[in-house]
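Asks: The structure file structure.tsv (TSV, C-alpha atoms) is provided below.
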chain	number	residue	atom	x	y	z
A	1009	MET	CA	116.63	81.26	114.86
A	1010	LYS	CA	112.89	81.32	115.47
A	1011	ILE	CA	111.86	84.83	116.47
A	1012	PRO	CA	109.01	84.85	119.07
A	1013	SER	CA	105.72	85.17	117.19
A	1014	HIS	CA	104.60	88.32	119.04
A	1015	LEU	CA	107.89	89.96	118.09
A	1016	GLU	CA	107.47	88.91	114.49
A	1017	ALA	CA	103.91	90.29	114.47
A	1018	LEU	CA	105.14	93.60	115.91
A	1019	ILE	CA	107.90	93.92	113.29
A	1020	SER	CA	105.44	93.29	110.51
A	1021	ALA	CA	102.83	95.69	111.99
A	1022	LEU	CA	105.42	98.49	112.25
A	1023	ARG	CA	105.76	98.40	108.48
A	1024	CYS	CA	102.44	100.20	108.13
A	1025	LEU	CA	104.36	103.36	109.07
A	1026	PRO	CA	105.45	105.39	106.05
A	1027	GLY	CA	109.15	105.05	105.21
A	1028	VAL	CA	109.65	102.05	107.49
A	1029	GLY	CA	111.11	98.99	105.77
A	1030	PRO	CA	111.96	95.56	107.20
A	1031	LYS	CA	115.29	96.67	108.69
A	1032	SER	CA	113.97	99.78	110.49
A	1033	ALA	CA	110.89	97.88	111.66
A	1034	GLN	CA	113.19	95.32	113.26
A	1035	ARG	CA	115.31	98.05	114.85
A	1036	MET	CA	112.21	99.79	116.21
A	1037	ALA	CA	110.74	96.59	117.67
A	1038	TYR	CA	113.97	95.65	119.41
A	1039	HIS	CA	114.44	99.19	120.66
A	1040	LEU	CA	110.97	99.30	122.19
A	1041	LEU	CA	111.28	95.89	123.87
A	1042	GLN	CA	114.84	96.48	125.06
A	1043	ARG	CA	114.52	100.02	126.31
A	1044	ASP	CA	111.04	101.49	126.23
A	1045	ARG	CA	108.17	99.12	126.98
A	1046	GLU	CA	106.26	101.94	128.65
A	1047	GLY	CA	106.57	103.98	125.47
A	1048	ALA	CA	105.31	101.00	123.49
A	1049	LEU	CA	102.22	100.67	125.66
A	1050	LEU	CA	101.55	104.41	125.50
A	1051	LEU	CA	101.91	104.31	121.71
A	1052	ALA	CA	99.49	101.37	121.54
A	1053	LYS	CA	96.94	103.34	123.56
A	1054	SER	CA	97.41	106.53	121.52
A	1055	LEU	CA	97.05	104.69	118.22
A	1056	ALA	CA	93.82	103.01	119.27
A	1057	ALA	CA	92.41	106.22	120.77
A	1058	ALA	CA	93.26	108.28	117.68
A	1059	ALA	CA	91.94	105.71	115.21
A	1060	GLN	CA	88.70	105.43	117.18
A	1061	ASN	CA	88.07	109.06	118.15
A	1062	ILE	CA	89.29	111.12	115.24
A	1063	GLN	CA	86.59	111.59	112.65
A	1064	HIS	CA	86.13	114.08	109.85
A	1065	CYS	CA	84.53	117.51	110.24
A	1066	THR	CA	81.15	117.51	108.53
A	1067	ARG	CA	81.83	120.96	107.02
A	1068	CYS	CA	85.48	120.81	105.83
A	1069	ASN	CA	86.45	117.11	106.15
A	1070	ASN	CA	89.50	117.93	108.29
A	1071	PHE	CA	90.34	115.65	111.24
A	1072	SER	CA	88.20	116.48	114.24
A	1073	GLU	CA	86.98	114.96	117.48
A	1074	HIS	CA	83.64	116.72	117.10
A	1075	SER	CA	81.17	116.87	114.24
A	1076	VAL	CA	82.34	120.40	113.39
A	1077	CYS	CA	86.07	121.08	113.78
A	1078	SER	CA	87.53	123.93	115.80
A	1079	MET	CA	88.52	125.82	112.66
A	1080	CYS	CA	85.04	125.71	111.15
A	1081	ALA	CA	83.56	126.71	114.50
A	1082	ALA	CA	85.99	129.61	114.98
A	1083	ASP	CA	84.63	133.14	114.42
A	1084	GLU	CA	87.85	134.93	113.55
A	1085	ARG	CA	88.52	133.23	110.18
A	1086	ASP	CA	87.81	135.05	106.95
A	1087	GLU	CA	84.49	133.74	105.58
A	1088	SER	CA	85.12	135.13	102.09
A	1089	LEU	CA	88.07	132.83	101.30
A	1090	LEU	CA	87.96	129.06	100.85
A	1091	CYS	CA	91.14	127.04	100.32
A	1092	VAL	CA	90.72	123.58	98.75
A	1093	VAL	CA	93.40	120.98	99.61
A	1094	GLU	CA	93.68	117.25	98.94
A	1095	MET	CA	94.35	115.85	102.42
A	1096	PRO	CA	94.37	116.94	106.10
A	1097	ALA	CA	98.19	116.89	106.06
A	1098	ASP	CA	98.09	119.54	103.31
A	1099	LEU	CA	95.80	121.70	105.45
A	1100	LEU	CA	98.31	121.42	108.28
A	1101	MET	CA	101.10	122.59	105.96
A	1102	MET	CA	98.98	125.56	104.85
A	1103	GLU	CA	98.34	126.51	108.47
A	1104	GLN	CA	102.04	126.32	109.26
A	1105	THR	CA	102.72	129.08	106.70
A	1106	LEU	CA	100.74	131.40	108.99
A	1107	CYS	CA	99.76	133.43	105.92
A	1108	TYR	CA	96.21	132.21	105.35
A	1109	ARG	CA	93.28	133.10	107.59
A	1110	GLY	CA	90.32	131.90	105.51
A	1111	ARG	CA	88.33	128.66	105.63
A	1112	TYR	CA	89.27	125.26	104.23
A	1113	TYR	CA	87.75	122.39	102.34
A	1114	VAL	CA	89.57	119.03	102.30
A	1115	LEU	CA	88.78	116.88	99.25
A	1116	MET	CA	90.05	113.65	100.89
A	1117	GLY	CA	91.67	112.63	97.62
A	1118	ARG	CA	92.07	113.79	94.05
A	1119	LEU	CA	90.44	112.96	90.75
A	1120	SER	CA	92.07	109.83	89.41
A	1121	PRO	CA	90.05	108.18	86.63
A	1122	LEU	CA	92.51	105.28	86.37
A	1123	ASP	CA	91.75	104.36	89.97
A	1124	GLY	CA	88.05	104.89	89.44
A	1125	ILE	CA	87.94	108.12	91.45
A	1126	GLY	CA	85.72	110.66	89.71
A	1127	ALA	CA	83.66	113.67	90.76
A	1128	LYS	CA	81.09	111.41	92.37
A	1129	GLU	CA	83.58	109.45	94.45
A	1130	LEU	CA	85.07	112.71	95.76
A	1131	HIS	CA	81.55	113.99	96.60
A	1132	LEU	CA	82.21	117.25	94.77
A	1133	ASP	CA	78.50	118.09	95.10
A	1134	ARG	CA	79.25	118.78	98.77
A	1135	LEU	CA	81.86	121.35	97.73
A	1136	GLN	CA	79.42	122.87	95.23
A	1137	LYS	CA	76.85	123.23	97.99
A	1138	ARG	CA	79.45	124.68	100.34
A	1139	VAL	CA	80.43	127.48	97.93
A	1140	GLN	CA	76.84	128.59	97.44
A	1141	GLU	CA	77.30	130.58	100.63
A	1142	GLN	CA	78.75	134.11	100.33
A	1143	LEU	CA	82.30	133.68	98.99
A	1144	CYS	CA	84.78	135.98	97.25
A	1145	GLU	CA	87.42	133.50	96.16
A	1146	VAL	CA	88.29	129.84	96.12
A	1147	ILE	CA	92.04	129.11	96.29
A	1148	LEU	CA	92.96	125.74	94.78
A	1149	ALA	CA	95.90	124.25	96.68
A	1150	THR	CA	95.92	120.71	95.33
A	1151	ASN	CA	99.32	119.18	94.62
A	1152	PHE	CA	101.25	119.94	91.43
A	1153	THR	CA	101.12	116.32	90.37
A	1154	VAL	CA	99.34	115.23	87.20
A	1155	GLU	CA	96.29	114.23	89.22
A	1156	GLY	CA	96.36	117.25	91.51
A	1157	ASP	CA	96.59	119.55	88.50
A	1158	ALA	CA	93.75	117.77	86.71
A	1159	THR	CA	91.65	118.08	89.86
A	1160	ALA	CA	92.39	121.81	90.02
A	1161	HIS	CA	91.32	122.27	86.39
A	1162	TYR	CA	88.11	120.33	86.95
A	1163	LEU	CA	87.29	122.32	90.08
A	1164	ALA	CA	88.10	125.63	88.38
A	1165	ALA	CA	85.64	124.88	85.56
A	1166	MET	CA	83.00	123.67	87.99
A	1167	LEU	CA	83.26	126.66	90.32
A	1168	GLN	CA	83.62	129.31	87.64
A	1169	ALA	CA	80.37	127.98	86.14
A	1170	GLN	CA	78.84	128.86	89.50
A	1171	GLY	CA	80.18	132.43	89.08
A	1172	ILE	CA	82.91	132.13	91.69
A	1173	LYS	CA	86.42	133.62	91.40
A	1174	VAL	CA	88.96	130.79	91.43
A	1175	SER	CA	92.74	131.01	91.88
A	1176	ARG	CA	95.58	128.50	91.99
A	1177	ILE	CA	98.62	128.71	94.28
A	1178	ALA	CA	101.79	129.67	92.40
A	1179	ARG	CA	104.27	127.29	90.83
A	1180	GLY	CA	107.93	128.29	90.60
A	1181	LEU	CA	111.29	128.05	92.29
A	1182	PRO	CA	111.36	127.38	96.02
A	1183	VAL	CA	112.47	130.13	98.39
A	1184	GLY	CA	116.27	130.02	98.47
A	1185	GLY	CA	116.20	127.93	95.28
A	1186	GLU	CA	118.99	128.11	92.72
A	1187	LEU	CA	118.40	127.79	88.98
A	1188	GLU	CA	121.20	125.25	88.71
A	1189	GLN	CA	119.53	122.85	91.10
A	1190	VAL	CA	115.93	123.05	90.04
A	1191	ASP	CA	114.47	120.66	87.44
A	1192	ALA	CA	113.86	121.96	83.93
A	1193	GLY	CA	110.08	121.57	84.16
A	1194	THR	CA	109.84	123.77	87.26
A	1195	LEU	CA	112.12	126.39	85.70
A	1196	ALA	CA	110.09	126.38	82.48
A	1197	GLN	CA	106.91	126.96	84.50
A	1198	ALA	CA	108.59	129.71	86.50
A	1199	VAL	CA	109.50	131.49	83.25
A	1200	MET	CA	106.04	131.05	81.77
A	1201	GLU	CA	104.34	132.26	84.91
A	1202	ARG	CA	106.71	135.17	85.48
A	1203	ARG	CA	105.29	138.28	87.15
A	1204	GLU	CA	105.96	141.92	86.41
A	1205	MET	CA	108.04	143.43	89.15
A	1206	ALA	CA	106.32	146.28	90.95
A	1207	ILE	CA	108.93	148.67	92.29
B	200	MET	CA	95.05	125.81	114.32
B	201	LYS	CA	94.20	123.60	117.30
B	202	ILE	CA	95.14	120.01	116.42
B	203	PRO	CA	92.68	117.46	117.94
B	204	SER	CA	94.09	116.28	121.27
B	205	HIS	CA	94.09	112.59	120.32
B	206	LEU	CA	96.09	113.45	117.21
B	207	GLU	CA	98.53	115.49	119.26
B	208	ALA	CA	98.91	112.60	121.72
B	209	LEU	CA	99.57	110.17	118.87
B	210	ILE	CA	102.23	112.43	117.34
B	211	SER	CA	103.99	112.73	120.66
B	212	ALA	CA	103.74	108.97	121.38
B	213	LEU	CA	105.25	108.10	117.99
B	214	ARG	CA	108.43	109.88	119.07
B	215	CYS	CA	109.33	106.90	121.30
B	216	LEU	CA	110.40	105.16	118.08
B	217	PRO	CA	114.13	105.41	117.39
B	218	GLY	CA	115.04	107.94	114.70
B	219	VAL	CA	111.58	109.54	114.66
B	220	GLY	CA	111.60	113.30	115.26
B	221	PRO	CA	108.67	115.75	115.41
B	222	LYS	CA	108.34	116.07	111.64
B	223	SER	CA	108.32	112.31	110.87
B	224	ALA	CA	106.00	111.65	113.81
B	225	GLN	CA	103.54	114.13	112.31
B	226	ARG	CA	103.85	112.55	108.88
B	227	MET	CA	103.31	109.07	110.33
B	228	ALA	CA	100.24	110.12	112.33
B	229	TYR	CA	98.60	111.80	109.34
B	230	HIS	CA	99.46	108.87	107.09
B	231	LEU	CA	97.86	106.36	109.47
B	232	LEU	CA	94.68	108.41	109.96
B	233	GLN	CA	94.37	109.33	106.29
B	234	ARG	CA	95.15	106.00	104.72
B	235	ASP	CA	95.62	103.13	107.11
B	236	ARG	CA	93.42	103.11	110.22
B	237	GLU	CA	93.31	99.33	110.14
B	238	GLY	CA	97.10	99.25	110.17
B	239	ALA	CA	97.08	101.63	113.13
B	240	LEU	CA	94.73	99.39	115.10
B	241	LEU	CA	96.77	96.30	114.24
B	242	LEU	CA	99.95	98.07	115.30
B	243	ALA	CA	98.31	99.09	118.59
B	244	LYS	CA	97.37	95.48	119.26
B	245	SER	CA	100.80	94.14	118.29
B	246	LEU	CA	102.60	96.65	120.50
B	247	ALA	CA	100.50	95.80	123.53
B	248	ALA	CA	100.75	92.03	122.90
B	249	ALA	CA	104.53	92.16	122.43
B	250	ALA	CA	105.15	94.37	125.47
B	251	GLN	CA	102.99	92.10	127.61
B	252	ASN	CA	104.01	88.66	126.33
B	253	ILE	CA	107.68	88.88	125.48
B	254	GLN	CA	109.85	88.11	128.46
B	255	HIS	CA	113.46	87.06	128.80
B	256	CYS	CA	114.74	83.48	128.55
B	257	THR	CA	115.88	82.32	131.99
B	258	ARG	CA	118.99	80.68	130.48
B	259	CYS	CA	120.29	83.21	127.92
B	260	ASN	CA	118.20	86.39	128.54
B	261	ASN	CA	117.11	86.58	124.89
B	262	PHE	CA	113.53	87.58	124.11
B	263	SER	CA	111.17	84.66	124.52
B	264	GLU	CA	107.52	83.88	125.06
B	265	HIS	CA	108.40	80.92	127.26
B	266	SER	CA	110.68	80.60	130.26
B	267	VAL	CA	113.31	78.90	128.08
B	268	CYS	CA	113.70	80.25	124.54
B	269	SER	CA	113.58	78.09	121.42
B	270	MET	CA	117.32	78.41	120.88
B	271	CYS	CA	118.23	77.22	124.37
B	272	ALA	CA	115.73	74.39	124.04
B	273	ALA	CA	117.04	73.32	120.61
B	274	ASP	CA	119.19	70.18	120.45
B	275	GLU	CA	121.15	70.93	117.31
B	276	ARG	CA	123.22	73.85	118.63
B	277	ASP	CA	126.87	73.35	119.58
B	278	GLU	CA	127.04	73.07	123.40
B	279	SER	CA	130.79	73.72	123.50
B	280	LEU	CA	130.56	77.32	122.28
B	281	LEU	CA	129.01	80.29	124.09
B	282	CYS	CA	128.75	83.70	122.47
B	283	VAL	CA	128.27	86.68	124.81
B	284	VAL	CA	126.49	89.75	123.39
B	285	GLU	CA	125.17	92.94	124.95
B	286	MET	CA	121.56	93.02	123.75
B	287	PRO	CA	118.98	90.79	121.99
B	288	ALA	CA	119.37	92.89	118.83
B	289	ASP	CA	123.07	91.90	118.77
B	290	LEU	CA	122.13	88.23	119.03
B	291	LEU	CA	119.83	88.67	116.05
B	292	MET	CA	122.67	90.21	114.03
B	293	MET	CA	124.94	87.27	114.95
B	294	GLU	CA	122.26	84.82	113.82
B	295	GLN	CA	121.86	86.65	110.54
B	296	THR	CA	125.53	85.94	109.71
B	297	LEU	CA	124.56	82.22	109.56
B	298	CYS	CA	128.14	81.38	110.62
B	299	TYR	CA	127.62	80.62	114.31
B	300	ARG	CA	125.89	77.51	115.60
B	301	GLY	CA	126.72	77.61	119.33
B	302	ARG	CA	124.78	78.92	122.30
B	303	TYR	CA	124.32	82.53	123.43
B	304	TYR	CA	124.31	84.59	126.56
B	305	VAL	CA	122.81	88.10	126.47
B	306	LEU	CA	124.23	90.47	129.10
B	307	MET	CA	121.31	92.91	128.81
B	308	GLY	CA	123.74	95.81	129.05
B	309	ARG	CA	127.42	96.55	129.49
B	310	LEU	CA	129.66	97.54	132.36
B	311	SER	CA	129.37	101.29	132.79
B	312	PRO	CA	130.70	102.50	136.14
B	313	LEU	CA	129.69	106.11	135.43
B	314	ASP	CA	126.06	104.98	135.18
B	315	GLY	CA	126.45	102.79	138.26
B	316	ILE	CA	126.37	99.55	136.27
B	317	GLY	CA	128.93	97.12	137.66
B	318	ALA	CA	129.36	93.33	137.73
B	319	LYS	CA	126.56	93.03	140.29
B	320	GLU	CA	124.03	95.05	138.29
B	321	LEU	CA	124.74	92.91	135.20
B	322	HIS	CA	124.32	89.73	137.33
B	323	LEU	CA	127.61	88.34	136.03
B	324	ASP	CA	127.40	85.61	138.67
B	325	ARG	CA	124.69	84.06	136.47
B	326	LEU	CA	127.15	83.95	133.55
B	327	GLN	CA	129.83	82.44	135.83
B	328	LYS	CA	127.40	79.74	136.88
B	329	ARG	CA	126.39	79.14	133.27
B	330	VAL	CA	129.97	78.49	132.09
B	331	GLN	CA	130.60	75.90	134.79
B	332	GLU	CA	128.93	73.43	132.44
B	333	GLN	CA	131.12	71.71	129.83
B	334	LEU	CA	132.40	74.44	127.52
B	335	CYS	CA	135.32	74.74	125.11
B	336	GLU	CA	135.26	78.44	124.33
B	337	VAL	CA	133.50	81.69	125.15
B	338	ILE	CA	133.34	84.20	122.27
B	339	LEU	CA	133.01	87.80	123.43
B	340	ALA	CA	130.92	89.76	120.93
B	341	THR	CA	130.26	92.95	122.89
B	342	ASN	CA	130.42	96.20	120.93
B	343	PHE	CA	133.72	97.90	120.12
B	344	THR	CA	132.77	100.96	122.14
B	345	VAL	CA	134.75	102.03	125.20
B	346	GLU	CA	132.22	100.35	127.47
B	347	GLY	CA	131.80	97.23	125.33
B	348	ASP	CA	135.58	96.80	125.22
B	349	ALA	CA	135.92	97.30	128.97
B	350	THR	CA	133.17	94.71	129.49
B	351	ALA	CA	135.02	92.25	127.24
B	352	HIS	CA	138.23	92.73	129.21
B	353	TYR	CA	136.46	92.25	132.52
B	354	LEU	CA	134.72	89.11	131.27
B	355	ALA	CA	137.95	87.70	129.79
B	356	ALA	CA	139.73	88.05	133.14
B	357	MET	CA	136.77	86.59	135.02
B	358	LEU	CA	136.32	83.59	132.71
B	359	GLN	CA	140.03	82.81	132.24
B	360	ALA	CA	140.29	82.65	136.03
B	361	GLN	CA	137.72	79.86	135.77
B	362	GLY	CA	140.01	78.09	133.29
B	363	ILE	CA	137.92	78.77	130.21
B	364	LYS	CA	139.26	79.66	126.76
B	365	VAL	CA	138.06	83.14	125.83
B	366	SER	CA	138.17	84.84	122.41
B	367	ARG	CA	137.07	88.22	121.05
B	368	ILE	CA	135.51	88.81	117.62
B	369	ALA	CA	137.92	90.55	115.22
B	370	ARG	CA	138.27	94.25	114.71
B	371	GLY	CA	139.31	95.61	111.33
B	372	LEU	CA	138.08	96.96	108.03
B	373	PRO	CA	134.54	96.06	106.94
B	374	VAL	CA	134.06	93.69	104.03
B	375	GLY	CA	134.27	95.80	100.88
B	376	GLY	CA	135.92	98.57	102.94
B	377	GLU	CA	138.48	100.94	101.44
B	378	LEU	CA	141.45	102.30	103.37
B	379	GLU	CA	140.68	105.81	102.20
B	380	GLN	CA	137.25	105.77	103.75
B	381	VAL	CA	137.89	104.09	107.06
B	382	ASP	CA	138.76	106.07	110.21
B	383	ALA	CA	142.38	106.12	111.38
B	384	GLY	CA	141.61	104.27	114.61
B	385	THR	CA	140.08	101.30	112.80
B	386	LEU	CA	142.95	101.17	110.31
B	387	ALA	CA	145.52	101.30	113.15
B	388	GLN	CA	143.75	98.37	114.84
B	389	ALA	CA	143.61	96.46	111.57
B	390	VAL	CA	147.39	96.87	111.19
B	391	MET	CA	148.11	95.86	114.78
B	392	GLU	CA	145.85	92.84	114.58
B	393	ARG	CA	147.06	91.75	111.14
B	394	ARG	CA	147.08	88.02	110.40
B	395	GLU	CA	149.62	85.93	108.57
B	396	MET	CA	148.27	84.88	105.19
B	397	ALA	CA	147.98	81.14	104.73
B	398	ILE	CA	148.31	80.32	101.05
Spit out the file's structure as structure tokens when you get a sec.
Replies:
Amino acid sequence: MKIPSHLEALISALRCLPGVGPKSAQRMAYHLLQRDREGALLLAKSLAAAAQNIQHCTRCNNFSEHSVCSMCAADERDESLLCVVEMPADLLMMEQTLCYRGRYYVLMGRLSPLDGIGAKELHLDRLQKRVQEQLCEVILATNFTVEGDATAHYLAAMLQAQGIKVSRIARGLPVGGELEQVDAGTLAQAVMERREMAI
Amino acid sequence: MKIPSHLEALISALRCLPGVGPKSAQRMAYHLLQRDREGALLLAKSLAAAAQNIQHCTRCNNFSEHSVCSMCAADERDESLLCVVEMPADLLMMEQTLCYRGRYYVLMGRLSPLDGIGAKELHLDRLQKRVQEQLCEVILATNFTVEGDATAHYLAAMLQAQGIKVSRIARGLPVGGELEQVDAGTLAQAVMERREMAI
């Protein structure tokens, strides 16, 4: 059977979504055409509007519709703390913990020499300039991948040379985690980074 | 944190996709903006083009960009067989079996009296008119749900009254299926509809 070419193009375009393979893309395309053409048109509009209007904040790199994002413009955030994350999605996760009220800086990537991404490509001079303002502590919240860890180490050395206190978010078992189910590497780290219990 | 309004709109629009809840919609939106804005724009274009250009074939109701779809226009299909399915996605599944070379008719729904969908709403008179042409057999391939089964029974009565041979696709265990894992209803049907083995 020859599938109509617009349908084929839609199925293939849907595969740009993360976690969507050929079978789900097909199911999504048929679903939209069979039952929700209005939804499809609204999604088309939203995609175009978001891709065109959402830029990066000139201070923290987070997604923003203005040159300075609402979080950088807000007065009530703690100016003495700066949390460094890899991507805007990581910033969102941090915010959802509701436990951090300082400022952010989004790297928009991680150091990855094999892919040709070094300090220059990440524009780390912008971060260096940013932390020249009054700051008590920089919290490194890059991922615990090989590259995220390497980035954290690089940033720690760079910022400590500027005389700034640098910390890294903790590694260990997840809340509700059981020793039996966690991988050996995580458990080993949790033992090495154990903390004295204050009672 | 106030999420930019275009981003919020995109996250909510992505939820029209089947199987996409709030968390995956958020992940998809961030992925597209962080890593694949071109893909997002292409998807927007494909969605709009598909929703605007894909209509239904006037003969079989399948998706088509022309008034008669490529399958109805094709010469090599067997004119003596007509397979009736509920939706275009079902037709696609039938085609993917590669075992059927006849024509199709897509009901675009099923009888569902509780939702006010009767013979009139499904335009079954169009199907009646369609089978007046030379036909050996109509194969009913509606779903094995309560409504799909009821639809099959209604169609069988209607078409047999017109003197047409009507069959229903088989119900039973899936290929590779194990008795232990199948539900009791399916197994009961498989026993009732057992076939003599020809050796």
Asks: Between B:Leu241, B:Ile338, B:Cys256, B:Phe343, which has the minimum distance to Ala355 (chain B) (counting only C-alpha atoms)?
Replies: B:Ile338
Asks: Just the number, please: distance in Å from CA of Thr344 (chain B) to CA of Leu313 (chain B), one decimal.
Replies: 14.6 Å
Asks: Name the residues within 9 Å of (102.1, 109.0, 120.4), counting all atoms listed in the file in the file's coordinates, and put them as number ranges by chain.
Replies: A: 1047, 1050-1055; B: 205-215, 224, 228
Asks: With 9 Å as the limit and counting all atoms listed in the file, what residues in chain A lie close to chain B? Please list them as a PyMOL selection string.
Replies: chain A and resi 1009-1015+1017-1027+1032+1034-1042+1044-1062+1071-1073+1077-1079+1095-1097+1100+1103-1104+1116
Asks: Quote the spacing between CA of Ile1125 (chain A) and CA of Ile1172 (chain A) in Å to one decimal place.
Replies: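 About the pair CA of Ile1125 (chain A) and CA of Ile1172 (chain A): they are 24.5 Å apart.
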Asks: With all atoms listed in the file as the basis for distance, which of A:Arg1109, A:Arg1179, A:Ala1192, A:Gly1156 is at the shortest distance from Glu1094 (chain A)?
Replies: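 For Glu1094 (chain A), the nearest of the given residues is A:Gly1156.
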Asks: From the block I gave, I'd like region 1148-1163 of chain A written with N, CA, C and O atoms, as a CSV table (one decimal), in the first residue's frame.
Replies:
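out-v6.csv written:
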chain,number,residue,atom,x,y,z
A,1148,LEU,N,27.6,23.2,42.1
A,1148,LEU,CA,27.7,22.6,40.8
A,1148,LEU,C,26.7,21.4,40.7
A,1148,LEU,O,26.8,20.4,41.5
A,1149,ALA,N,25.7,21.5,39.8
A,1149,ALA,CA,24.7,20.5,39.7
A,1149,ALA,C,24.7,19.9,38.3
A,1149,ALA,O,23.6,19.7,37.7
A,1150,THR,N,25.9,19.7,37.8
A,1150,THR,CA,26.0,19.0,36.5
A,1150,THR,C,25.7,17.5,36.8
A,1150,THR,O,25.7,17.1,37.9
A,1151,ASN,N,25.4,16.8,35.7
A,1151,ASN,CA,25.0,15.4,35.8
A,1151,ASN,C,26.2,14.5,36.4
A,1151,ASN,O,27.4,14.9,36.3
A,1152,PHE,N,25.9,13.4,36.9
A,1152,PHE,CA,26.9,12.5,37.4
A,1152,PHE,C,27.4,11.5,36.4
A,1152,PHE,O,27.6,10.3,36.6
A,1153,THR,N,27.4,12.0,35.1
A,1153,THR,CA,28.0,11.2,34.1
A,1153,THR,C,29.5,11.5,34.0
A,1153,THR,O,30.0,12.4,34.7
A,1154,VAL,N,30.2,10.7,33.2
A,1154,VAL,CA,31.7,11.0,33.1
A,1154,VAL,C,31.9,12.4,32.7
A,1154,VAL,O,32.7,13.2,33.3
A,1155,GLU,N,31.1,12.9,31.7
A,1155,GLU,CA,31.4,14.3,31.2
A,1155,GLU,C,30.9,15.3,32.2
A,1155,GLU,O,31.5,16.4,32.3
A,1156,GLY,N,29.7,15.1,32.8
A,1156,GLY,CA,29.2,16.0,33.8
A,1156,GLY,C,30.2,16.2,35.0
A,1156,GLY,O,30.4,17.3,35.5
A,1157,ASP,N,30.7,15.0,35.4
A,1157,ASP,CA,31.7,15.0,36.5
A,1157,ASP,C,33.0,15.8,36.1
A,1157,ASP,O,33.5,16.6,36.9
A,1158,ALA,N,33.5,15.5,34.9
A,1158,ALA,CA,34.7,16.2,34.4
A,1158,ALA,C,34.4,17.7,34.3
A,1158,ALA,O,35.3,18.5,34.7
A,1159,THR,N,33.2,18.1,33.9
A,1159,THR,CA,32.9,19.5,33.8
A,1159,THR,C,32.9,20.1,35.2
A,1159,THR,O,33.4,21.2,35.4
A,1160,ALA,N,32.3,19.4,36.2
A,1160,ALA,CA,32.3,19.9,37.6
A,1160,ALA,C,33.7,20.1,38.1
A,1160,ALA,O,34.0,21.1,38.7
A,1161,HIS,N,34.6,19.1,37.8
A,1161,HIS,CA,36.0,19.3,38.3
A,1161,HIS,C,36.7,20.5,37.6
A,1161,HIS,O,37.4,21.3,38.3
A,1162,TYR,N,36.5,20.7,36.4
A,1162,TYR,CA,37.1,21.8,35.7
A,1162,TYR,C,36.6,23.1,36.2
A,1162,TYR,O,37.3,24.0,36.5
A,1163,LEU,N,35.2,23.2,36.4
A,1163,LEU,CA,34.6,24.4,37.0
A,1163,LEU,C,35.1,24.7,38.4
A,1163,LEU,O,35.4,25.8,38.7
